[in-house]
Amino acid sequence: MKRLLATVSLALGVLGMAATPAFAGVDDCPSGSVCRWQYGNYDGKQATSQIDNPDYGCWSVTCGNQSRWDDGSTGLNNAVSSVSNHGTRCNIKFADGTNYTGADVFFGRAGTNYQWRDPYLSNGGGYETTVGGALRVNSFDNLTTSHNFCP
Ligand SMILES: [Ca+2]
Ligand SMILES: [Ca+2]
């Protein structure tokens, strides 16, 4: 009987591992990082960053290797559909162009009164600021090419 129980619990353990989602969700965004996802609702591939990134289209070592999904694949540029800022220092700006230019959206950081995450950039996103940012009501889905903290 003891052996049977051990076998059953081992089997359940394996099933439990198999049931683990292949992709990380919003709760898996580490403190101090901004996380971006391939699809809406914090789904699909995740990309985690703790520093500014001026060009999601540049993913080589010379660019700091920052423009890859966490699984190492490329294709981050113009693919982000949901975001969450778990940065501990600052707000963040996402921009359509390289070097933080072009259309943009601003987010606060976790624990502040500002909007700090958005499951659907397709509905627009961000918050209104007094330093040049504006509430964006048009889709920002699959547009982000750069981001910087403390904009
Ligand atoms: Ca996408
Ligand atoms: Ca873009």
# chains A, B, ... in the order shown; residues from 1 in each chain; ligands from 1

call {"tool": "residues_around", "arguments": {"residues": "stretch 95-105 of chain A", "least_positions_apart": "4", "cutoff": "10 Å", "atoms": "only C-alpha atoms", "output": "short mmCIF file (atom, residue, chain, number, x, y, z; two decimals) with C-alpha atoms, in the first residue's frame"}}
result
data_model
loop_
_atom_site.label_atom_id
_atom_site.label_comp_id
_atom_site.auth_asym_id
_atom_site.auth_seq_id
_atom_site.Cartn_x
_atom_site.Cartn_y
_atom_site.Cartn_z
CA ASP A 52 16.32 51.19 -20.93
CA ASN A 53 16.12 49.75 -24.42
CA PRO A 54 16.41 52.20 -27.35
CA ASP A 55 15.69 49.69 -30.13
CA TYR A 56 13.74 46.47 -29.83
CA GLY A 57 14.76 45.72 -33.43
CA CYS A 58 18.42 45.45 -32.46
CA ASN A 77 9.97 44.71 -32.06
CA ASN A 78 6.38 45.78 -32.81
CA LEU A 121 -2.62 47.69 -25.38
CA GLY A 124 -4.77 52.19 -25.84
CA GLY A 125 -3.01 52.59 -22.55
CA GLY A 126 -1.03 54.61 -20.10
CA TYR A 127 -1.91 57.66 -18.08
CA GLU A 128 -1.90 61.39 -18.60
CA THR A 129 1.16 63.27 -17.43
CA GLY A 132 4.41 65.67 -22.48
CA GLY A 133 2.65 62.36 -22.15
CA ALA A 134 -0.98 61.99 -23.07
CA LEU A 135 -3.60 59.38 -22.43
CA ARG A 136 -3.61 57.27 -25.54
CA VAL A 137 -7.02 55.98 -26.51
CA PHE A 140 -0.80 50.74 -29.02
CA ASN A 142 2.28 45.75 -31.64
CA LEU A 143 3.85 49.21 -31.83
CA THR A 144 6.46 49.39 -29.09
CA THR A 145 10.03 49.75 -30.34
CA SER A 146 11.76 51.33 -27.34
CA HIS A 147 11.26 52.00 -23.64
CA ASN A 148 12.95 54.07 -20.98
CA PRO A 151 11.18 59.50 -18.77
#

call {"tool": "select_by_dssp", "arguments": {"residues": "stretch 55-109 of chain A", "states": "helix (DSSP H, G or I)", "output": "list in words"}}
result
Val61, Thr62, Cys63, Thr98, Asn99 and Tyr100 of chain A

call {"tool": "closest_atom_pairs", "arguments": {"of": "chain A", "to": "ligand 1", "cutoff": "9 Å", "atoms": "only C-alpha atoms and all ligand atoms", "output": "CSV"}}
result
residue,atom,partner,partner_atom_place_in_ligand_line,distance
A:Trp37,CA,ligand 1,1 (Ca),7.3
A:Gln38,CA,ligand 1,1 (Ca),4.4
A:Tyr39,CA,ligand 1,1 (Ca),4.5
A:Gly40,CA,ligand 1,1 (Ca),7.0
A:Gly44,CA,ligand 1,1 (Ca),8.5
A:Leu76,CA,ligand 1,1 (Ca),8.8
A:Asn78,CA,ligand 1,1 (Ca),7.4
A:Ala79,CA,ligand 1,1 (Ca),4.1
A:Val80,CA,ligand 1,1 (Ca),4.7
A:Ser81,CA,ligand 1,1 (Ca),4.4
A:Ser82,CA,ligand 1,1 (Ca),7.8
A:Asp141,CA,ligand 1,1 (Ca),6.5
A:Asn142,CA,ligand 1,1 (Ca),5.1
A:Leu143,CA,ligand 1,1 (Ca),8.7

call {"tool": "residues_around", "arguments": {"residues": "A:Tyr42", "least_positions_apart": "6", "cutoff": "9 Å", "atoms": "only C-alpha atoms", "output": "tab-separated table (two decimals) with C-alpha atoms, in the first residue's frame"}}
result
chain	number	residue	atom	x	y	z
A	24	ALA	CA	4.77	32.99	-17.56
A	25	GLY	CA	1.90	35.28	-16.61
A	26	VAL	CA	1.72	38.69	-14.98
A	35	CYS	CA	7.65	42.82	-18.41
A	36	ARG	CA	6.15	42.70	-21.87
A	81	SER	CA	0.56	43.41	-26.66
A	82	SER	CA	0.48	43.67	-22.85
A	83	VAL	CA	2.83	45.23	-20.28
A	84	SER	CA	3.41	45.44	-16.54
A	118	ASP	CA	-2.28	46.93	-19.11
A	119	PRO	CA	-3.52	43.58	-20.37
A	120	TYR	CA	-4.66	44.98	-23.70

call {"tool": "atom_distance", "arguments": {"atom1": "atom CA of A:Thr112", "atom2": "atom CA of A:Asn91"}}
result
9.4 Å

call {"tool": "closest_residue", "arguments": {"among": "A:Gln46, A:Ile51, A:Ile92, A:His86", "to": "A:Ser73", "atoms": "only C-alpha atoms"}}
result
A:Gln46
